[in-house]
Amino acid sequence: MPRLAALSIDLDEVPCYCAIHGLADPPEAARWAVYERAIPRYVSLLDRLGIRATFFVIGGDLSNPRAAKVAASLCAAGHELGNHTQDHDYAFSRLGEPALSEQIERASAAIEAATGARPSGFRAPGYTINDAVVAALARSDIAYDSSLFPCPAYYGAKAAALAAISLAGRRSHSILDDPRMLTAPADPYRLGTPYYRPGRGPLELPIGVTRELFGRLPFFGTSLSLGGPALARRLAHAIAGRPLVNLELHGLDLCCADQDDLGFLARYQHDLKVPISRRQAALESAIEALRARGYQFVRLVEAAQAFS
């Protein structure tokens with residue numbers, strides 16, 4: 001099997017970040033920065049690199065006709081659209097039945113209504129799943145999950161950030177996953193019971209972390225944006241050797257405080273202060289390094305077919 005790599009991009013809009021940091025709703029000028037500004041930048045970059053990506057879409061956002069039109073254009077251009085739940089509730093994994101299944105089904109129906117195609121893949125808000133989520137996915141027509149991020153450095157940073165938000169007197173909507181998730185396989189596997197052990201459940205395509213020799217460091221948009229092209233190349237070499245490199249990004253990774261009316265958020269999302277040109281250069285450096293190591297870029301749905 002050839003070495004496979006995929007770009008997967010979560011289209012969390014600006015209100016999601018306000019929810020993380022315990023902030024009020026954003027100004028209207030910034031509300032749709034991801035769909036109106038970031039996605040065109042991604043499309044231009046991906047076209048230039050000759051890559052088709054997987055975009056994880058929040059179903060509720062497609063009630064905006066402009067967002068639905070953008071989603072349809074992504075699908076028409078050959079990109080994959082995945083299910084990112086209907087409402088992007090950060091406590092999604094704590095919902096009971098039938099709410100879990102409803103969040104999955106409503107998002108799939110919204111994506112199908114906007115594009116004519118049902119999504120094959122799923123990603124949970126905040127990367128957080130549990131056995132109940134896995135059971136709901138098994139009852140759905142979702143073919144694969146891509147939520148697990150078994151990265152100690154990210155988990156520690158998230159825990160510290162949530163503590164700092166609480167100490168500042170704000171309430172974050174984000175939650176921490178079960179720390180035992182950090183022991184899950186970092187390569188594709190079928191989810192078992194518990195979900196961080198291999199079994200016979202839905203196929204899991206974990207988010208990229210470097211090989212164990214390098215401590216499972218995060219290989220995703222934030223680390224590339226803050227580290228720049230040189231660190232991006234080093235991380236790419238440190239993850240090379242995995243059968244699948246799942247480079248996870250966010251729409252906000254190609255937004256900027258100055259250009260996109262996001263100055264109010266930049267004091268909390270420090271990567272928004274990094275020029276877009278530097279972030280694009282870091283992403284291109286990582287992609288070039290992976291291609292030099294023989295990786296072929298595919299959509300996650302194609303990776304799922306290969307590992308099934």
# chains A, B, ... in the order shown; residues from 1 in each chain; ligands from 1

call {"tool": "residues_around", "arguments": {"residues": "stretch 244-248 of chain A", "least_positions_apart": "3", "cutoff": "8 Å", "atoms": "only C-alpha atoms", "output": "VMD selection string"}}
result
chain A and resid 3 to 10 187 to 188 205 to 208 219 to 221 239 to 240 303

call {"tool": "closest_residue", "arguments": {"among": "A:Ala136, A:Ala289, A:Leu100, A:Val298", "to": "A:Ile51", "atoms": "only C-alpha atoms"}}
result
A:Val298

call {"tool": "select_by_dssp", "arguments": {"residues": "stretch 3-103 of chain A", "states": "strand (DSSP E or B)", "output": "PyMOL selection string"}}
result
chain A and resi 4-10+54-57+80-83

call {"tool": "write_last_selection", "arguments": {"atoms": "N, CA, C and O atoms", "output": "PDB file, in the first residue's frame"}}
result
ATOM      1  N   LEU A   4      -0.054   7.189   2.482  1.00  0.00           N
ATOM      2  CA  LEU A   4      -1.143   8.124   2.216  1.00  0.00           C
ATOM      3  C   LEU A   4      -1.093   9.294   3.193  1.00  0.00           C
ATOM      4  O   LEU A   4      -0.742   9.134   4.365  1.00  0.00           O
ATOM      5  N   ALA A   5      -1.481  10.456   2.697  1.00  0.00           N
ATOM      6  CA  ALA A   5      -1.622  11.655   3.524  1.00  0.00           C
ATOM      7  C   ALA A   5      -2.920  12.333   3.135  1.00  0.00           C
ATOM      8  O   ALA A   5      -3.393  12.203   1.999  1.00  0.00           O
ATOM      9  N   ALA A   6      -3.509  13.041   4.084  1.00  0.00           N
ATOM     10  CA  ALA A   6      -4.771  13.742   3.832  1.00  0.00           C
ATOM     11  C   ALA A   6      -4.776  15.057   4.595  1.00  0.00           C
ATOM     12  O   ALA A   6      -4.256  15.140   5.718  1.00  0.00           O
ATOM     13  N   LEU A   7      -5.367  16.065   3.966  1.00  0.00           N
ATOM     14  CA  LEU A   7      -5.654  17.323   4.649  1.00  0.00           C
ATOM     15  C   LEU A   7      -7.119  17.304   5.053  1.00  0.00           C
ATOM     16  O   LEU A   7      -7.996  17.145   4.203  1.00  0.00           O
ATOM     17  N   SER A   8      -7.399  17.455   6.344  1.00  0.00           N
ATOM     18  CA  SER A   8      -8.779  17.521   6.816  1.00  0.00           C
ATOM     19  C   SER A   8      -8.957  18.848   7.546  1.00  0.00           C
ATOM     20  O   SER A   8      -8.169  19.194   8.426  1.00  0.00           O
ATOM     21  N   ILE A   9      -9.993  19.572   7.160  1.00  0.00           N
ATOM     22  CA  ILE A   9     -10.164  20.960   7.593  1.00  0.00           C
ATOM     23  C   ILE A   9     -11.514  21.115   8.283  1.00  0.00           C
ATOM     24  O   ILE A   9     -12.567  20.913   7.665  1.00  0.00           O
ATOM     25  N   ASP A  10     -11.493  21.472   9.559  1.00  0.00           N
ATOM     26  CA  ASP A  10     -12.725  21.682  10.318  1.00  0.00           C
ATOM     27  C   ASP A  10     -13.217  23.107  10.093  1.00  0.00           C
ATOM     28  O   ASP A  10     -12.487  24.072  10.359  1.00  0.00           O
ATOM     29  N   THR A  54     -10.579  17.137   2.686  1.00  0.00           N
ATOM     30  CA  THR A  54     -11.826  16.796   3.369  1.00  0.00           C
ATOM     31  C   THR A  54     -12.176  17.944   4.305  1.00  0.00           C
ATOM     32  O   THR A  54     -11.385  18.291   5.188  1.00  0.00           O
ATOM     33  N   PHE A  55     -13.355  18.547   4.110  1.00  0.00           N
ATOM     34  CA  PHE A  55     -13.831  19.642   4.945  1.00  0.00           C
ATOM     35  C   PHE A  55     -14.944  19.117   5.852  1.00  0.00           C
ATOM     36  O   PHE A  55     -15.943  18.591   5.364  1.00  0.00           O
ATOM     37  N   PHE A  56     -14.777  19.266   7.165  1.00  0.00           N
ATOM     38  CA  PHE A  56     -15.804  18.832   8.108  1.00  0.00           C
ATOM     39  C   PHE A  56     -16.729  20.005   8.409  1.00  0.00           C
ATOM     40  O   PHE A  56     -16.296  21.056   8.896  1.00  0.00           O
ATOM     41  N   VAL A  57     -18.018  19.807   8.113  1.00  0.00           N
ATOM     42  CA  VAL A  57     -19.015  20.875   8.081  1.00  0.00           C
ATOM     43  C   VAL A  57     -20.001  20.736   9.239  1.00  0.00           C
ATOM     44  O   VAL A  57     -20.495  19.638   9.528  1.00  0.00           O
ATOM     45  N   GLU A  80     -14.117  16.557  -0.388  1.00  0.00           N
ATOM     46  CA  GLU A  80     -15.045  15.757   0.410  1.00  0.00           C
ATOM     47  C   GLU A  80     -15.605  16.614   1.537  1.00  0.00           C
ATOM     48  O   GLU A  80     -14.878  17.397   2.152  1.00  0.00           O
ATOM     49  N   LEU A  81     -16.895  16.461   1.823  1.00  0.00           N
ATOM     50  CA  LEU A  81     -17.498  17.110   2.969  1.00  0.00           C
ATOM     51  C   LEU A  81     -17.839  16.053   4.012  1.00  0.00           C
ATOM     52  O   LEU A  81     -18.488  15.059   3.708  1.00  0.00           O
ATOM     53  N   GLY A  82     -17.378  16.282   5.243  1.00  0.00           N
ATOM     54  CA  GLY A  82     -17.644  15.364   6.334  1.00  0.00           C
ATOM     55  C   GLY A  82     -18.589  15.973   7.352  1.00  0.00           C
ATOM     56  O   GLY A  82     -18.840  17.183   7.370  1.00  0.00           O
ATOM     57  N   ASN A  83     -19.111  15.133   8.206  1.00  0.00           N
ATOM     58  CA  ASN A  83     -20.109  15.487   9.218  1.00  0.00           C
ATOM     59  C   ASN A  83     -19.399  15.948  10.493  1.00  0.00           C
ATOM     60  O   ASN A  83     -18.613  15.207  11.084  1.00  0.00           O
TER      61      ASN A  83
END

call {"tool": "closest_residue", "arguments": {"among": "A:Ser140, A:Ala286, A:Trp32, A:Ala168", "to": "A:Arg233", "atoms": "only C-alpha atoms"}}
result
A:Ala286

call {"tool": "atom_distance", "arguments": {"atom1": "atom CA of A:Ala38", "atom2": "atom CA of A:Lys158"}}
result
24.1 Å

call {"tool": "residues_around", "arguments": {"residues": "A:Tyr35", "least_positions_apart": "6", "cutoff": "8 Å", "atoms": "only C-alpha atoms", "output": "ChimeraX atom specification"}}
result
/A:11,13,67,70,251

call {"tool": "select_by_dssp", "arguments": {"residues": "stretch 62-305 of chain A", "states": "alpha helix (DSSP H)", "output": "NGL selection string"}}
result
:A and (65-76 or 99-115 or 131-139 or 152-167 or 221-239 or 263-266 or 276-292 or 300-305)
